[in-house]
Amino acid sequence: MFFSLYCMDFSFARSMDDFAGEPNDIARLRSMREKNGLPLYDLASANVNDAGIYFPEDVLHDAVMSGLAQAKKYEPDSKGQLVARQAVADYYDDNTSPDRVVITPGTSQSYLYLFKLLANPGDEILVPRPAYPLFEYIARLAEVTLTYYNLKIDNGRWIVDMDSLISGITPRTRAITLISPHNPTGHVLSTDEVRVIASLATVKKIPLIVDEVFCEFVYEDNGDLRDARTLPQRNELATCPLVFTLNGFSKMFALPGMKIGWMVVTGDSGLVRRAVAALETIADTFLATSEPMQFAVPYIFEKGKDFLDYYRKEIGRRLQSARSLYSIVPQGGFYGVRTIGEKDEHEFVLEALREHGILLHPGYFFGLDEPSVVFSFLQKESVSDWSFLDV
C-alpha cells in the first residue's frame, strides 16, 4: 500500500503551474544576501511595520481583549458582526447603512468575492495598467479575464487614458476597477475623471469596484494632507447604478495582520439588495473573518484616531523627503515610479541589489511601458546613497 501510493500518477489542476513558479534571479539574489547576513534595504515592500510604524501596542491589546470577550460565544453573521459593520458605516457618513457593508478578511478576498459575484468564467474585468500583479492571480482563481485601460503621463501628472478606458469596454465587460490612490503610480482620480467614468458606468450599466486602501494617505501639491472625505469618488459616484468601495485596516491603521477589510455597496437600492444578498451567501460559505477581530473594529476606529493622525503626518514627511527621487511625485499611497532612461530594468534592479543592497521592483512587474523602477518611500532614511538612480 505504501509503495503503490508513491507510484500513483498524481493529477493536478491545469492552473497549477500558474501558482507554483520558480523564484527569479532577483528573488534568489535577495535570498542569498539574507542568508549571508549582508545589508538589505527592502524598498519593494509597502509593509509599514517593516518601516518601523506600529499601531500602539496598549490600544491593540485592549481592543483584542475586548473582542475576545465579546466573541466567547460563537454567533457568526455572514455579512460581519453588526458592531463592525456599523463602525465602518460611521467612518463614511451618517447616510451609510451597516446593511450595505460586508466585512472580509482583507481587500484581496474582497476582490475574489466580487470577481465571482459579477463575472462568469471568461467574462472580463477592466483594470488599470500599470497594475499590481495580484489581480492576475485572483482573476485566474475566479476564472475571469482581465482587460486593461491605461494610466499615462500628461503635463507632468498621471491621468487616466480615457480613450483606452472607453475602447476597453466590450460586451463581456462585467466591472470597471478604479484604484485611487493608485498602486504603484500614486495617481489620485480627479473630479473630471470620476465624472466621465461615472457617466460611462451609468450609460453602459457596468458596476464599479473602487479600491481606496490608501485613501488616508493623499497629499496636495504643497504636501498638505487631504481629508479622504473630499476624494472625488466619494461624491461623484453617488448616481452610479452599482458601486463596491473596498478598504481595510492593513494600510489605514498599519494592521496588516489583523485581517479586517470591507466592502460598502452603494447605488440603485434594488441592485444593492441583490448584490449584498449574494455577497452574504459567498461570505457564509467561508465565514473567514476572525470573530474577535470583528468585535475589535469599533475600538480600533475610536481609540486609533490619535495614531492615525501621527501616522498620516509621518508618511507625509517621508514622502516629502523623497520627492526628488521620483519622475512624478506620488499624490498618494506609499509607492512611486522612477524612469531610468534606456537601461534594462531587470539588470538595473539586479545591480542595485548586488552593489548597494537595495531591493526595487522592475517596472515590468507592474506592466509599465517605459523603462522604470518602482519603490516605496517608507524606508528612505535607511539608504545613505541614492546616486545609483542618477541616470
# chains A, B, ... in the order shown; residues from 1 in each chain; ligands from 1

$ residues_around --residues "range 116-133 of chain A" --least-positions-apart "5" --cutoff "8 Å" --atoms "only C-alpha atoms" --output "number ranges by chain"
A: 142-151, 168-169, 172-179, 183-185, 275, 278-279, 365-368

$ select_by_dssp --residues "range 24-119 of chain A" --states "helix (DSSP H, G or I)" --output "PyMOL selection string"
chain A and resi 25-35+57-70+82-92+98-100+107-118

$ select_by_dssp --residues "range 138-201 of chain A" --states "strand (DSSP E)" --output "list of chain:residue names"
A:Thr145, A:Leu146, A:Thr147, A:Tyr148, A:Tyr149, A:Asn150, A:Leu151, A:Lys152, A:Ile153, A:Asp154, A:Arg157, A:Trp158, A:Ile159, A:Val160, A:Thr173, A:Arg174, A:Ala175, A:Ile176, A:Thr177, A:Leu178, A:Ile179

$ write_last_selection --atoms "N, CA and C atoms" --output "short mmCIF file (atom, residue, chain, number, x, y, z; two decimals), in the first residue's frame"
data_model
loop_
_atom_site.label_atom_id
_atom_site.label_comp_id
_atom_site.auth_asym_id
_atom_site.auth_seq_id
_atom_site.Cartn_x
_atom_site.Cartn_y
_atom_site.Cartn_z
N THR A 145 -11.34 36.97 -17.09
CA THR A 145 -10.30 37.55 -17.94
C THR A 145 -10.09 39.01 -17.57
N LEU A 146 -8.84 39.38 -17.34
CA LEU A 146 -8.53 40.79 -17.10
C LEU A 146 -8.30 41.48 -18.43
N THR A 147 -8.90 42.66 -18.59
CA THR A 147 -8.57 43.56 -19.68
C THR A 147 -8.09 44.87 -19.05
N TYR A 148 -7.46 45.73 -19.83
CA TYR A 148 -6.75 46.85 -19.23
C TYR A 148 -7.09 48.18 -19.91
N TYR A 149 -7.14 49.22 -19.09
CA TYR A 149 -7.09 50.59 -19.58
C TYR A 149 -5.83 51.21 -19.00
N ASN A 150 -5.32 52.23 -19.67
CA ASN A 150 -4.01 52.75 -19.32
C ASN A 150 -4.08 54.00 -18.45
N LEU A 151 -3.10 54.11 -17.56
CA LEU A 151 -2.75 55.40 -16.98
C LEU A 151 -1.57 55.93 -17.77
N LYS A 152 -1.57 57.23 -18.03
CA LYS A 152 -0.49 57.81 -18.84
C LYS A 152 -0.04 59.11 -18.18
N ILE A 153 1.12 59.58 -18.62
CA ILE A 153 1.66 60.84 -18.11
C ILE A 153 1.26 61.97 -19.04
N ASP A 154 0.69 63.03 -18.47
CA ASP A 154 0.26 64.19 -19.24
C ASP A 154 0.59 65.45 -18.44
N ARG A 157 1.79 64.80 -14.89
CA ARG A 157 0.91 64.12 -13.93
C ARG A 157 0.41 62.82 -14.55
N TRP A 158 0.17 61.85 -13.69
CA TRP A 158 -0.51 60.64 -14.14
C TRP A 158 -1.99 60.93 -14.28
N ILE A 159 -2.57 60.46 -15.39
CA ILE A 159 -4.01 60.61 -15.61
C ILE A 159 -4.54 59.31 -16.22
N VAL A 160 -5.86 59.16 -16.20
CA VAL A 160 -6.50 58.03 -16.88
C VAL A 160 -6.56 58.33 -18.37
N THR A 173 -17.60 42.95 -20.67
CA THR A 173 -17.09 43.67 -19.50
C THR A 173 -18.13 43.63 -18.39
N ARG A 174 -17.73 43.13 -17.23
CA ARG A 174 -18.67 42.98 -16.11
C ARG A 174 -18.39 43.94 -14.96
N ALA A 175 -17.22 44.61 -14.99
CA ALA A 175 -16.91 45.61 -13.96
C ALA A 175 -15.71 46.42 -14.40
N ILE A 176 -15.66 47.66 -13.93
CA ILE A 176 -14.50 48.54 -14.11
C ILE A 176 -13.90 48.77 -12.73
N THR A 177 -12.60 48.53 -12.62
CA THR A 177 -11.90 48.71 -11.35
C THR A 177 -11.18 50.05 -11.34
N LEU A 178 -11.41 50.83 -10.29
CA LEU A 178 -10.72 52.10 -10.07
C LEU A 178 -9.88 51.95 -8.81
N ILE A 179 -8.64 52.45 -8.87
CA ILE A 179 -7.76 52.40 -7.70
C ILE A 179 -7.28 53.82 -7.44
#

$ closest_residue --among "A:Leu308, A:Leu134, A:Leu68, A:Val264" --to "Val276 in chain A" --atoms "only C-alpha atoms"
A:Val264

$ closest_residue --among "A:Ile197, A:Val188, A:Val59, A:Val203" --to "Glu220 in chain A" --atoms "only C-alpha atoms"
A:Val188

$ closest_residue --among "A:Tyr364, A:Tyr299, A:Tyr326, A:Tyr219" --to "Trp386 in chain A" --atoms "only C-alpha atoms"
A:Tyr326

$ residues_around --residues "range 200-202 of chain A" --least-positions-apart "3" --cutoff "8 Å" --atoms "only C-alpha atoms" --output "VMD selection string"
chain A and resid 196 to 197 205 to 208 239 to 241

$ residues_around --residues "Gly67 in chain A" --least-positions-apart "3" --cutoff "8 Å" --atoms "only C-alpha atoms" --output "PyMOL selection string"
chain A and resi 63-64+70-71+291-296

$ write_last_selection --atoms "N, CA and C atoms" --output "mmCIF file, in the first residue's frame"
data_model
loop_
_atom_site.group_PDB
_atom_site.id
_atom_site.type_symbol
_atom_site.label_atom_id
_atom_site.label_comp_id
_atom_site.auth_asym_id
_atom_site.auth_seq_id
_atom_site.Cartn_x
_atom_site.Cartn_y
_atom_site.Cartn_z
ATOM 1 N N ALA A 63 -8.076 46.369 22.559
ATOM 2 C CA ALA A 63 -9.061 46.099 21.504
ATOM 3 C C ALA A 63 -9.260 44.595 21.320
ATOM 4 N N VAL A 64 -8.146 43.864 21.279
ATOM 5 C CA VAL A 64 -8.232 42.421 21.063
ATOM 6 C C VAL A 64 -8.880 41.735 22.269
ATOM 7 N N GLN A 70 -16.180 39.524 23.770
ATOM 8 C CA GLN A 70 -17.471 39.580 23.080
ATOM 9 C C GLN A 70 -17.699 38.369 22.172
ATOM 10 N N ALA A 71 -16.619 37.721 21.774
ATOM 11 C CA ALA A 71 -16.734 36.600 20.834
ATOM 12 C C ALA A 71 -16.699 35.248 21.532
ATOM 13 N N GLU A 291 -13.759 36.342 14.327
ATOM 14 C CA GLU A 291 -14.814 36.947 15.145
ATOM 15 C C GLU A 291 -14.257 37.939 16.174
ATOM 16 N N PRO A 292 -13.227 37.596 16.954
ATOM 17 C CA PRO A 292 -12.687 38.586 17.901
ATOM 18 C C PRO A 292 -12.218 39.869 17.218
ATOM 19 N N MET A 293 -11.596 39.730 16.034
ATOM 20 C CA MET A 293 -11.126 40.916 15.331
ATOM 21 C C MET A 293 -12.297 41.787 14.869
ATOM 22 N N GLN A 294 -13.395 41.153 14.479
ATOM 23 C CA GLN A 294 -14.569 41.935 14.087
ATOM 24 C C GLN A 294 -15.096 42.753 15.265
ATOM 25 N N PHE A 295 -15.174 42.135 16.422
ATOM 26 C CA PHE A 295 -15.670 42.851 17.598
ATOM 27 C C PHE A 295 -14.713 43.958 18.038
ATOM 28 N N ALA A 296 -13.442 43.846 17.638
ATOM 29 C CA ALA A 296 -12.459 44.879 17.999
ATOM 30 C C ALA A 296 -12.521 46.094 17.089
#

$ atom_distance --atom1 "CA of Leu246 in chain A" --atom2 "CA of Ser45 in chain A"
21.1 Å

$ residues_around --residues "Leu378 in chain A" --least-positions-apart "2" --cutoff "12 Å" --atoms "only C-alpha atoms" --output "ChimeraX atom specification"
/A:41-53,311-312,314-322,333-336,375-376,380-383

$ write_last_selection --atoms "N, CA and C atoms" --output "compact mmCIF listing (two decimals), in the first residue's frame"
# COMPACT_ATOMS: atom_id res chain seq x y z
N TYR A 41 18.17 46.63 2.01
CA TYR A 41 17.21 47.71 2.17
C TYR A 41 16.04 47.41 1.24
N ASP A 42 14.95 46.94 1.83
CA ASP A 42 13.82 46.47 1.04
C ASP A 42 12.90 47.64 0.70
N LEU A 43 13.11 48.22 -0.48
CA LEU A 43 12.26 49.31 -0.94
C LEU A 43 11.15 48.80 -1.85
N ALA A 44 11.06 47.48 -1.99
CA ALA A 44 9.96 46.89 -2.74
C ALA A 44 8.75 46.66 -1.85
N SER A 45 8.94 46.74 -0.55
CA SER A 45 7.87 46.44 0.40
C SER A 45 7.13 47.71 0.81
N ALA A 46 5.80 47.60 0.91
CA ALA A 46 4.99 48.69 1.46
C ALA A 46 4.43 48.30 2.82
N ASN A 47 5.10 47.37 3.48
CA ASN A 47 4.71 46.96 4.83
C ASN A 47 5.22 48.00 5.82
N VAL A 48 4.32 48.79 6.37
CA VAL A 48 4.73 49.89 7.25
C VAL A 48 5.35 49.37 8.53
N ASN A 49 5.03 48.15 8.95
CA ASN A 49 5.67 47.59 10.14
C ASN A 49 7.16 47.41 9.90
N ASP A 50 7.53 46.97 8.69
CA ASP A 50 8.96 46.85 8.35
C ASP A 50 9.65 48.20 8.39
N ALA A 51 8.87 49.26 8.18
CA ALA A 51 9.43 50.61 8.17
C ALA A 51 9.37 51.26 9.55
N GLY A 52 9.06 50.47 10.58
CA GLY A 52 9.10 50.98 11.95
C GLY A 52 7.85 51.68 12.42
N ILE A 53 6.74 51.52 11.73
CA ILE A 53 5.48 52.14 12.13
C ILE A 53 4.54 51.05 12.63
N TYR A 311 0.40 58.95 12.14
CA TYR A 311 0.79 58.06 11.06
C TYR A 311 0.71 58.78 9.71
N ARG A 312 -0.38 59.48 9.46
CA ARG A 312 -0.55 60.20 8.21
C ARG A 312 0.54 61.27 8.06
N GLU A 314 3.47 61.31 9.47
CA GLU A 314 4.77 60.67 9.30
C GLU A 314 4.96 60.18 7.87
N ILE A 315 3.92 59.59 7.29
CA ILE A 315 4.01 59.17 5.89
C ILE A 315 4.21 60.39 4.99
N GLY A 316 3.50 61.48 5.28
CA GLY A 316 3.68 62.71 4.52
C GLY A 316 5.09 63.24 4.61
N ARG A 317 5.68 63.16 5.81
CA ARG A 317 7.06 63.64 5.98
C ARG A 317 8.02 62.80 5.15
N ARG A 318 7.81 61.50 5.15
CA ARG A 318 8.70 60.62 4.39
C ARG A 318 8.55 60.84 2.89
N LEU A 319 7.32 61.09 2.45
CA LEU A 319 7.12 61.39 1.04
C LEU A 319 7.83 62.68 0.66
N GLN A 320 7.70 63.70 1.48
CA GLN A 320 8.33 64.98 1.15
C GLN A 320 9.84 64.84 1.07
N SER A 321 10.42 64.02 1.95
CA SER A 321 11.87 63.86 1.92
C SER A 321 12.34 63.06 0.71
N ALA A 322 11.40 62.36 0.06
CA ALA A 322 11.75 61.54 -1.10
C ALA A 322 11.29 62.15 -2.42
N GLY A 333 -0.63 57.19 -1.47
CA GLY A 333 -0.11 55.85 -1.34
C GLY A 333 1.31 55.83 -0.80
N PHE A 334 2.00 54.70 -0.98
CA PHE A 334 3.34 54.50 -0.44
C PHE A 334 4.40 54.26 -1.51
N TYR A 335 3.99 54.15 -2.78
CA TYR A 335 4.91 53.83 -3.86
C TYR A 335 5.07 55.00 -4.82
N GLY A 336 6.04 54.89 -5.69
CA GLY A 336 6.22 55.83 -6.77
C GLY A 336 7.07 55.22 -7.86
N PHE A 375 9.42 51.88 -6.31
CA PHE A 375 9.85 51.63 -4.94
C PHE A 375 9.03 52.45 -3.95
N SER A 376 9.02 51.97 -2.74
CA SER A 376 8.32 52.64 -1.65
C SER A 376 9.24 53.67 -1.02
N LYS A 380 13.14 55.38 3.25
CA LYS A 380 14.19 56.17 2.62
C LYS A 380 15.34 56.48 3.58
N GLU A 381 15.03 56.70 4.88
CA GLU A 381 16.06 57.10 5.83
C GLU A 381 17.18 56.06 5.95
N SER A 382 16.91 54.80 5.61
CA SER A 382 17.92 53.76 5.78
C SER A 382 18.92 53.70 4.63
N VAL A 383 18.67 54.46 3.56
CA VAL A 383 19.55 54.44 2.40
C VAL A 383 20.35 55.74 2.39

$ closest_residue --among "A:Asn247, A:Phe253, A:Thr107, A:Asp94" --to "Asp306 in chain A" --atoms "only C-alpha atoms"
A:Phe253

$ closest_atom_pairs --of "range 253-274 of chain A" --to "range 86-89 of chain A" --cutoff "12 Å" --atoms "only C-alpha atoms" --output "Markdown table"
| residue | atom | partner | partner_atom | distance |
| --- | --- | --- | --- | --- |
| A:Ile260 | CA | A:Val88 | CA | 10.8 |
| A:Gly261 | CA | A:Val88 | CA | 9.6 |
| A:Trp262 | CA | A:Val88 | CA | 7.9 |
| A:Met263 | CA | A:Val88 | CA | 9.4 |
| A:Val264 | CA | A:Ala89 | CA | 8.0 |
| A:Val265 | CA | A:Ala89 | CA | 10.7 |
| A:Thr266 | CA | A:Ala89 | CA | 11.6 |

$ write_last_selection --atoms "C-alpha atoms" --output "mmCIF file, in the first residue's frame"
data_model
loop_
_atom_site.group_PDB
_atom_site.id
_atom_site.type_symbol
_atom_site.label_atom_id
_atom_site.label_comp_id
_atom_site.auth_asym_id
_atom_site.auth_seq_id
_atom_site.Cartn_x
_atom_site.Cartn_y
_atom_site.Cartn_z
ATOM 1 C CA ILE A 260 -10.018 43.169 8.555
ATOM 2 C CA GLY A 261 -11.381 44.547 5.301
ATOM 3 C CA TRP A 262 -14.756 45.568 3.971
ATOM 4 C CA MET A 263 -16.933 46.356 1.001
ATOM 5 C CA VAL A 264 -19.509 49.145 1.026
ATOM 6 C CA VAL A 265 -22.182 48.646 -1.628
ATOM 7 C CA THR A 266 -23.991 51.707 -2.994
#

$ residues_around --residues "His356 in chain A" --least-positions-apart "2" --cutoff "9 Å" --atoms "only C-alpha atoms" --output "ChimeraX atom specification"
/A:39-41,351-354,358-359,385,388
